[in-house]
>>> print(open('query31.txt').read())   # compact mmCIF, C-alpha atoms and all ligand atoms
# COMPACT_ATOMS: atom_id res chain seq x y z
CA MET J 250 -5.77 -39.03 -20.91
CA GLN J 251 -4.73 -37.11 -17.79
CA PRO J 252 -6.31 -33.65 -17.51
CA ALA J 253 -3.78 -30.88 -18.11
CA ASP J 254 -2.21 -29.51 -14.96
CA PRO J 255 -3.96 -26.13 -14.59
CA PHE J 256 -0.82 -24.64 -13.02
CA MET J 257 1.12 -25.38 -16.20
CA GLN J 258 -1.35 -23.31 -18.21
CA ARG J 259 -0.49 -20.17 -16.29
CA SER J 260 1.86 -18.02 -18.24
CA HIS J 261 2.55 -15.46 -15.50
CA LEU J 262 3.16 -15.67 -11.77
CA LEU J 263 1.85 -12.24 -10.87
CA GLY J 264 -1.00 -10.32 -12.52
CA PHE J 265 -2.43 -6.85 -11.88
CA ILE J 266 -6.01 -5.82 -12.62
CA GLY J 267 -5.49 -2.07 -12.86
CA ALA J 268 -2.27 -0.38 -13.92
CA GLY J 269 -2.52 3.02 -12.22
CA ALA J 270 -0.41 4.69 -9.54
CA MET J 271 -0.52 1.89 -6.93
CA ALA J 272 0.00 -0.97 -9.41
CA LYS J 273 2.93 0.93 -10.90
CA ALA J 274 4.45 1.54 -7.45
CA MET J 275 4.13 -2.16 -6.53
CA ILE J 276 5.48 -3.38 -9.88
CA GLN J 277 8.45 -1.00 -9.62
CA GLY J 278 9.05 -2.31 -6.09
CA VAL J 279 9.03 -6.04 -6.96
CA LEU J 280 11.15 -5.46 -10.07
CA GLN J 281 13.66 -3.33 -8.19
CA SER J 282 14.01 -6.00 -5.50
CA GLN J 283 14.32 -8.67 -8.23
CA ALA J 284 11.64 -10.74 -6.47
CA TYR J 285 10.05 -11.10 -9.93
CA ALA J 286 11.32 -10.63 -13.49
CA PRO J 287 9.30 -8.54 -16.00
CA THR J 288 8.45 -11.72 -17.95
CA GLN J 289 6.69 -13.14 -14.86
CA ILE J 290 4.29 -10.19 -14.51
CA ALA J 291 1.21 -9.13 -16.50
CA CYS J 292 -1.31 -6.30 -16.16
CA CYS J 293 -4.55 -5.06 -17.68
CA SER J 294 -6.69 -1.94 -17.42
CA ALA J 295 -10.13 -0.82 -18.54
CA THR J 296 -9.17 1.31 -21.54
CA GLY J 297 -5.70 -0.17 -22.06
CA ARG J 298 -4.20 3.32 -21.66
CA THR J 299 -2.37 2.79 -18.36
CA SER J 300 -1.62 -0.91 -18.90
CA GLN J 301 0.01 -0.32 -22.30
CA ALA J 302 2.08 2.54 -20.90
CA LEU J 303 3.16 0.45 -17.89
CA SER J 304 4.03 -2.50 -20.12
CA LYS J 305 6.16 -0.26 -22.34
CA GLN J 306 7.88 1.27 -19.34
CA THR J 307 8.65 -1.92 -17.40
CA GLY J 308 8.68 -4.77 -19.93
CA ILE J 309 5.80 -6.64 -18.26
CA ALA J 310 3.02 -8.15 -20.41
CA CYS J 311 -0.20 -6.26 -21.16
CA LEU J 312 -3.30 -8.50 -21.38
CA ALA J 313 -6.74 -7.60 -22.68
CA ASN J 314 -8.88 -7.78 -19.54
CA ALA J 315 -9.41 -9.06 -15.99
CA ALA J 316 -10.59 -12.48 -17.16
CA ASP J 317 -7.31 -12.98 -19.07
CA ILE J 318 -5.28 -11.96 -16.02
CA VAL J 319 -7.19 -14.31 -13.73
CA ALA J 320 -6.86 -17.14 -16.25
CA SER J 321 -3.12 -16.77 -16.72
CA CYS J 322 -1.70 -15.71 -13.33
CA ASP J 323 -1.10 -17.61 -10.10
CA THR J 324 -1.41 -14.48 -7.91
CA VAL J 325 -3.71 -11.65 -8.93
CA VAL J 326 -3.48 -8.15 -7.43
CA ILE J 327 -6.70 -6.11 -7.67
CA ALA J 328 -5.51 -2.50 -8.09
CA CYS J 329 -8.36 -0.55 -9.69
CA LYS J 330 -10.42 2.07 -7.82
CA PRO J 331 -12.81 0.60 -5.20
CA LEU J 332 -15.95 1.47 -7.20
CA GLU J 333 -14.45 0.06 -10.41
CA LEU J 334 -14.64 -3.42 -8.88
CA GLU J 335 -18.33 -3.40 -9.89
CA HIS J 336 -17.23 -3.57 -13.54
CA ILE J 337 -15.06 -6.62 -12.85
CA GLY J 338 -16.63 -9.97 -12.23
CA PRO J 339 -17.78 -12.09 -10.77
CA VAL J 340 -14.79 -13.63 -12.55
CA ALA J 341 -14.84 -17.40 -12.85
CA THR J 342 -11.36 -18.60 -11.99
CA ALA J 343 -11.79 -22.35 -12.57
CA PRO J 344 -9.81 -24.43 -13.42
CA HIS J 345 -7.27 -21.99 -11.98
CA LYS J 346 -7.64 -21.01 -8.38
CA PRO J 347 -5.44 -17.95 -8.03
CA LEU J 348 -4.53 -16.21 -4.81
CA ILE J 349 -6.42 -12.90 -4.93
CA MET J 350 -4.71 -9.95 -3.29
CA SER J 351 -6.70 -6.73 -3.16
CA VAL J 352 -5.27 -3.28 -2.40
CA LEU J 353 -8.69 -1.62 -2.61
CA ALA J 354 -9.77 0.57 0.27
CA ARG J 355 -13.28 -0.12 1.63
CA ARG J 356 -13.78 -3.48 -0.13
CA SER J 357 -14.23 -6.22 2.46
CA LEU J 358 -12.91 -9.78 2.16
CA GLN J 359 -16.52 -10.98 1.95
CA ASP J 360 -17.23 -8.55 -0.89
CA LEU J 361 -14.06 -9.60 -2.77
CA ARG J 362 -15.00 -13.28 -2.42
CA LYS J 363 -18.29 -12.52 -4.24
CA HIS J 364 -16.30 -11.15 -7.21
CA PHE J 365 -13.84 -14.05 -7.25
CA PRO J 366 -15.91 -17.02 -6.06
CA ASP J 367 -13.39 -19.73 -6.96
CA ALA J 368 -10.27 -17.97 -5.71
CA ARG J 369 -7.90 -20.20 -3.71
CA VAL J 370 -7.76 -17.55 -1.00
CA VAL J 371 -8.49 -13.83 -0.72
CA VAL J 372 -6.17 -11.34 1.01
CA ARG J 373 -6.72 -7.62 1.65
CA CYS J 374 -3.61 -5.41 1.72
CA MET J 375 -3.23 -1.71 2.37
CA PRO J 376 0.09 -0.57 0.87
CA ASN J 377 1.40 2.98 0.79
CA THR J 378 3.36 4.77 -1.92
CA PRO J 379 6.87 4.15 -0.47
CA VAL J 380 6.44 0.54 -1.75
CA ARG J 381 7.90 2.07 -4.92
CA ILE J 382 11.35 2.18 -3.29
CA GLY J 383 11.01 -0.85 -0.99
CA PHE J 384 10.12 1.19 2.11
CA GLY J 385 6.36 0.59 2.16
CA MET J 386 4.22 -0.37 5.14
CA ILE J 387 1.61 -2.98 4.23
CA PRO J 388 -0.94 -4.11 6.81
CA TYR J 389 -2.97 -7.07 5.55
CA SER J 390 -5.87 -9.33 6.53
CA VAL J 391 -6.64 -12.85 5.36
CA GLU J 392 -9.94 -14.58 4.83
CA THR J 393 -8.69 -17.84 6.37
CA PRO J 394 -5.23 -18.70 7.70
CA LEU J 395 -2.87 -19.15 4.73
CA ASN J 396 -1.11 -22.43 4.09
CA PRO J 397 2.72 -22.20 4.08
CA PRO J 398 3.16 -21.97 0.26
CA ASP J 399 0.55 -19.17 -0.01
CA LEU J 400 2.09 -17.33 2.95
CA GLU J 401 5.47 -17.63 1.23
CA THR J 402 4.03 -16.24 -2.01
CA LEU J 403 2.35 -13.35 -0.20
CA HIS J 404 5.50 -12.50 1.75
CA SER J 405 7.68 -12.78 -1.37
CA ILE J 406 5.66 -9.87 -2.78
CA LEU J 407 5.02 -7.81 0.35
CA LYS J 408 8.52 -8.09 1.83
CA ALA J 409 9.98 -6.98 -1.50
CA LEU J 410 7.93 -3.81 -1.06
CA GLY J 411 8.78 -3.02 2.56
CA SER J 412 7.38 -4.19 5.88
CA CYS J 413 4.12 -6.12 6.24
CA LEU J 414 1.94 -6.95 9.22
CA GLU J 415 -1.10 -9.25 9.48
CA MET J 416 -4.05 -7.91 11.46
CA PRO J 417 -7.80 -8.56 11.88
CA GLU J 418 -9.88 -6.99 9.11
CA SER J 419 -11.63 -4.82 11.72
CA ASP J 420 -8.29 -3.01 12.32
CA LEU J 421 -7.72 -2.17 8.64
CA PRO J 422 -9.65 1.16 8.63
CA ALA J 423 -7.42 2.58 11.39
CA ALA J 424 -4.34 1.15 9.65
CA THR J 425 -5.47 2.73 6.38
CA ALA J 426 -5.86 6.09 8.10
CA LEU J 427 -2.38 5.78 9.64
CA SER J 428 0.00 4.13 7.17
CA GLY J 429 -2.04 4.01 3.92
CA CYS J 430 -2.63 7.77 3.92
CA GLY J 431 0.37 8.49 6.17
CA PRO J 432 2.98 9.46 3.57
CA ALA J 433 0.77 12.42 2.60
CA TYR J 434 0.70 13.63 6.25
CA TYR J 435 4.49 13.58 6.47
CA PHE J 436 4.80 15.33 3.08
CA LYS J 437 2.26 17.96 4.17
CA PHE J 438 4.11 18.58 7.46
CA THR J 439 7.45 18.81 5.62
CA GLU J 440 5.97 21.23 3.09
CA ALA J 441 4.55 23.38 5.92
CA LEU J 442 8.00 23.44 7.59
CA CYS J 443 9.59 24.50 4.28
CA GLN J 444 7.09 27.30 3.70
CA ALA J 445 7.54 28.52 7.27
CA ALA J 446 11.34 28.56 6.91
CA ILE J 447 11.09 30.36 3.53
CA ALA J 448 8.96 33.00 5.31
CA GLN J 449 11.93 33.38 7.71
CA GLY J 450 14.25 34.13 4.77
CA LEU J 451 15.70 30.75 3.77
CA SER J 452 15.83 29.96 0.04
CA PRO J 453 13.37 27.26 -1.14
CA SER J 454 16.20 24.85 -2.00
CA ILE J 455 17.94 25.26 1.38
CA ALA J 456 14.62 24.95 3.24
CA ALA J 457 13.77 21.75 1.31
CA HIS J 458 17.23 20.29 1.91
CA LEU J 459 17.06 20.97 5.66
CA ALA J 460 13.46 19.73 6.03
CA LYS J 461 13.96 16.50 4.04
CA GLN J 462 17.25 15.56 5.73
CA THR J 463 15.68 16.28 9.14
CA ALA J 464 12.71 14.01 8.30
CA LEU J 465 15.10 11.27 7.16
CA GLY J 466 17.28 11.59 10.28
CA ALA J 467 14.27 11.60 12.62
CA ALA J 468 12.78 8.53 10.86
CA GLN J 469 16.08 6.62 11.07
CA LEU J 470 16.46 7.54 14.74
CA MET J 471 12.91 6.35 15.53
CA GLN J 472 13.61 3.10 13.67
CA THR J 473 17.02 2.32 15.13
CA SER J 474 17.03 3.83 18.64
CA GLN J 475 16.09 1.84 21.75
CA GLU J 476 14.39 4.95 23.15
CA SER J 477 10.64 5.53 22.90
CA ILE J 478 9.30 8.41 20.80
CA PRO J 479 8.47 10.52 23.94
CA GLU J 480 12.07 9.93 25.13
CA LEU J 481 13.44 11.04 21.75
CA ILE J 482 11.31 14.19 21.99
CA LYS J 483 12.68 14.91 25.48
CA GLU J 484 16.23 14.56 24.17
CA VAL J 485 15.63 17.54 21.85
CA ALA J 486 13.27 19.57 24.02
CA HIS J 487 15.27 20.59 27.11
CA PRO J 488 13.30 22.27 29.91
CA GLY J 489 13.17 26.01 29.26
CA GLY J 490 14.75 25.61 25.78
CA ILE J 491 13.52 26.80 22.40
CA THR J 492 12.24 23.37 21.22
CA GLU J 493 10.17 23.05 24.38
CA SER J 494 8.56 26.41 23.68
CA ALA J 495 7.88 25.33 20.06
CA LEU J 496 6.15 22.16 21.28
CA ALA J 497 4.24 24.13 23.93
CA TYR J 498 2.91 26.30 21.10
CA LEU J 499 1.68 23.17 19.25
CA ASP J 500 0.00 21.95 22.48
CA LYS J 501 -1.68 25.34 22.92
CA GLN J 502 -3.04 25.00 19.35
CA HIS J 503 -4.36 21.48 20.24
CA PHE J 504 -2.10 19.75 17.72
CA ASP J 505 -2.70 16.26 19.21
CA THR J 506 -6.48 16.77 19.15
CA ILE J 507 -6.38 17.85 15.51
CA ILE J 508 -4.42 14.69 14.57
CA LYS J 509 -6.73 12.49 16.65
CA GLU J 510 -9.80 13.92 14.93
CA MET J 511 -8.17 13.60 11.49
CA ILE J 512 -7.35 9.91 12.05
CA ALA J 513 -10.81 9.18 13.50
CA THR J 514 -12.53 10.82 10.50
CA THR J 515 -10.25 9.07 8.00
CA ALA J 516 -10.66 5.68 9.69
CA HIS J 517 -14.43 6.20 9.54
CA HIS J 518 -14.21 6.97 5.80
CA ALA J 519 -12.06 3.84 5.33
CA GLN J 520 -14.79 1.52 6.71
CA SER J 521 -16.02 -1.03 4.16
CA PHE J 522 -19.02 -0.11 1.99
N1 LIG J 601 -2.60 5.72 -3.92
C1 LIG J 601 -2.37 5.25 -2.70
O1 LIG J 601 -1.58 5.77 -1.89
C2 LIG J 601 -3.09 4.00 -2.27
C3 LIG J 601 -2.75 3.40 -1.04
C4 LIG J 601 -3.38 2.20 -0.69
C5 LIG J 601 -4.32 1.64 -1.52
N2 LIG J 601 -4.66 2.26 -2.68
C6 LIG J 601 -5.69 1.64 -3.49
O2 LIG J 601 -5.16 1.39 -4.78
C7 LIG J 601 -6.24 1.35 -5.71
C8 LIG J 601 -5.80 1.99 -7.00
O3 LIG J 601 -5.47 3.35 -6.75
P1 LIG J 601 -4.60 4.15 -7.80
O4 LIG J 601 -4.19 5.40 -7.10
O5 LIG J 601 -3.57 3.27 -8.39
O6 LIG J 601 -5.73 4.47 -8.93
P2 LIG J 601 -5.52 4.93 -10.45
O7 LIG J 601 -4.15 5.52 -10.63
O8 LIG J 601 -6.69 5.77 -10.82
O9 LIG J 601 -5.58 3.57 -11.29
C9 LIG J 601 -6.77 2.85 -11.48
C10 LIG J 601 -6.47 1.77 -12.50
O10 LIG J 601 -7.59 0.89 -12.60
C11 LIG J 601 -7.81 0.62 -13.99
N3 LIG J 601 -9.18 0.14 -14.18
C12 LIG J 601 -10.34 0.82 -14.06
N4 LIG J 601 -11.39 0.02 -14.32
C13 LIG J 601 -10.88 -1.21 -14.62
C14 LIG J 601 -11.43 -2.44 -15.04
N5 LIG J 601 -12.75 -2.60 -15.17
N6 LIG J 601 -10.60 -3.47 -15.31
C15 LIG J 601 -9.26 -3.33 -15.20
N7 LIG J 601 -8.66 -2.18 -14.83
C16 LIG J 601 -9.46 -1.12 -14.55
C17 LIG J 601 -7.48 1.93 -14.67
O11 LIG J 601 -7.26 1.72 -16.05
P3 LIG J 601 -7.40 2.78 -17.26
O12 LIG J 601 -7.50 4.15 -16.65
O13 LIG J 601 -6.17 2.62 -18.10
O14 LIG J 601 -8.60 2.39 -18.00
C18 LIG J 601 -6.20 2.30 -13.91
O15 LIG J 601 -5.11 1.58 -14.45
C19 LIG J 601 -7.43 2.05 -5.05
O16 LIG J 601 -8.44 1.10 -4.86
C20 LIG J 601 -6.92 2.54 -3.73
O17 LIG J 601 -7.88 2.32 -2.70
C21 LIG J 601 -4.05 3.41 -3.08
>>> encode(input="query31.txt", output="structure tokens", more="lines below")
Ligand SMILES: NC(=O)c1ccc[n+]([C@@H]2O[C@H](COP(=O)([O-])OP(=O)(O)OC[C@H]3O[C@@H](n4cnc5c(N)ncnc54)[C@H](OP(=O)(O)O)[C@@H]3O)[C@@H](O)[C@H]2O)c1
Amino acid sequence: MQPADPFMQRSHLLGFIGAGAMAKAMIQGVLQSQAYAPTQIACCSATGRTSQALSKQTGIACLANAADIVASCDTVVIACKPLELEHIGPVATAPHKPLIMSVLARRSLQDLRKHFPDARVVVRCMPNTPVRIGFGMIPYSVETPLNPPDLETLHSILKALGSCLEMPESDLPAATALSGCGPAYYFKFTEALCQAAIAQGLSPSIAAHLAKQTALGAAQLMQTSQESIPELIKEVAHPGGITESALAYLDKQHFDTIIKEMIATTAHHAQSF
């Protein structure tokens, strides 16, 4: 008798170990883009609290634990907290050899391989929260060059969530500090602009409307214009004008140095354990 084809035993294409904020954002992204149907996705969590809620909300399956996810899914996304990986595995994946895709900060490819020794291939991704609406930025690193079908699988997920870019693992800490954490920097800056405008007498709703639309317009311009960012700045900040004096004030307060130090510190924190 021929041995059963292990691929045929897999009931789901995409599985998530962890069903918290990032798993939810990614699942919402792939469902919204229709890259996957709810019936093709499964998740699990430690207590079952988040996985049951996510299953109810999205229609995806909720399985009992990580071993069940690994056994029944072709691609497995590791989306628990970095330290929680210690409670998972090593998970034997034979006869299945799933593609393992981790979103964990600070967990190296080598470290992940120890937890999933039989994985077909291990990939490290660093998504950000805009994946929820298909506007994420996802730098990733691979253990070994992916074969075309695996690359297609990876891109079918990542491109449904936004833009992705392969890079050496040694660049991931800086990428984490920039795009992984980045949405929070833009939100913080926008919130500071709102509060400053409210202090000048604008209502909170008008300040928020102006600040958000300005962020959106500036982002679209950066994305679509042929001009560099310094050129776009110059277009607003005419010599002797009020924008130039605003930027001069930021320079006097060492704005660039503050950002440089923040990114350096964050990239240092994002180094693997
Ligand atoms: N948030 C971001 O912007 C961002 C960006 C890039 C990468 N990440 C990465 O995404 C990962 C998850 O972050 P998050 O914000 O989504 O965390 P979170 O909301 O706290 O979710 C953690 C999830 O892991 C589950 N879990 C814990 N132990 C588990 C186990 N032994 N087996 C299976 N599931 C387990 C939890 O389940 P229960 O609570 O239900 O038990 C929960 O569903 C982190 O490693 C982080 O580095 C986050």
>>> atom_distance(input="query31.txt", atom1="atom O4 of ligand LIG 601 (chain J)", atom2="CA of Thr299 in chain J")
11.7 Å
>>> closest_residue(input="query31.txt", among="J:Ser412, J:Thr393, J:Asn314, J:Ser357", to="ligand LIG 601 (chain J)", atoms="only C-alpha atoms and all ligand atoms")
J:Asn314
>>> atom_distance(input="query31.txt", atom1="CA of His517 in chain J", atom2="atom C2 of ligand LIG 601 (chain J)")
16.5 Å
>>> residues_around(input="query31.txt", residues="Ala313 in chain J", least_positions_apart="2", cutoff="9 Å", atoms="only C-alpha atoms", output="number ranges by chain")
J: 292-295, 297, 311, 315-318
>>> residues_around(input="query31.txt", residues="Phe438 in chain J", least_positions_apart="2", cutoff="12 Å", atoms="only C-alpha atoms", output="number ranges by chain")
J: 431-436, 440-445, 457, 460-461, 463-464, 508
>>> write_last_selection(input="query31.txt", atoms="C-alpha atoms", output="compact mmCIF listing (two decimals), in the coordinates of the input")
# COMPACT_ATOMS: atom_id res chain seq x y z
CA GLY J 431 0.37 8.49 6.17
CA PRO J 432 2.98 9.46 3.57
CA ALA J 433 0.77 12.42 2.60
CA TYR J 434 0.70 13.63 6.25
CA TYR J 435 4.49 13.58 6.47
CA PHE J 436 4.80 15.33 3.08
CA GLU J 440 5.97 21.23 3.09
CA ALA J 441 4.55 23.38 5.92
CA LEU J 442 8.00 23.44 7.59
CA CYS J 443 9.59 24.50 4.28
CA GLN J 444 7.09 27.30 3.70
CA ALA J 445 7.54 28.52 7.27
CA ALA J 457 13.77 21.75 1.31
CA ALA J 460 13.46 19.73 6.03
CA LYS J 461 13.96 16.50 4.04
CA THR J 463 15.68 16.28 9.14
CA ALA J 464 12.71 14.01 8.30
CA ILE J 508 -4.42 14.69 14.57
>>> residues_near_ligand(input="query31.txt", ligand="ligand LIG 601 (chain J)", cutoff="9 Å", atoms="all atoms listed in the file", output="number ranges by chain")
J: 265-274, 292-302, 313-315, 327-338, 351-356, 374-379, 387, 425, 428-433
>>> atom_distance(input="query31.txt", atom1="CA of Ser474 in chain J", atom2="CA of Cys413 in chain J")
20.5 Å
>>> residues_around(input="query31.txt", residues="Gly278 in chain J", least_positions_apart="6", cutoff="6 Å", atoms="only C-alpha atoms", output="MDAnalysis selection string")
chainID J and resid 380:383 410
>>> residues_around(input="query31.txt", residues="range 394-408 of chain J", least_positions_apart="2", cutoff="10 Å", atoms="all atoms listed in the file", output="NGL selection string")
:J and (262-263 or 275-276 or 278-279 or 282 or 284-285 or 323-324 or 348-350 or 369-372 or 374 or 376 or 380 or 383-392 or 410-414)
>>> residues_around(input="query31.txt", residues="Ala426 in chain J", least_positions_apart="6", cutoff="7 Å", atoms="all atoms listed in the file", output="list of chain:residue names")
J:Ile512, J:Thr515, J:Ala516
>>> closest_residue(input="query31.txt", among="J:Leu421, J:Ala320, J:Val340, J:Ile290", to="Pro366 in chain J", atoms="only C-alpha atoms")
J:Val340
>>> closest_residue(input="query31.txt", among="J:His364, J:Ser419, J:Val325, J:His261", to="Ala286 in chain J", atoms="only C-alpha atoms")
J:His261
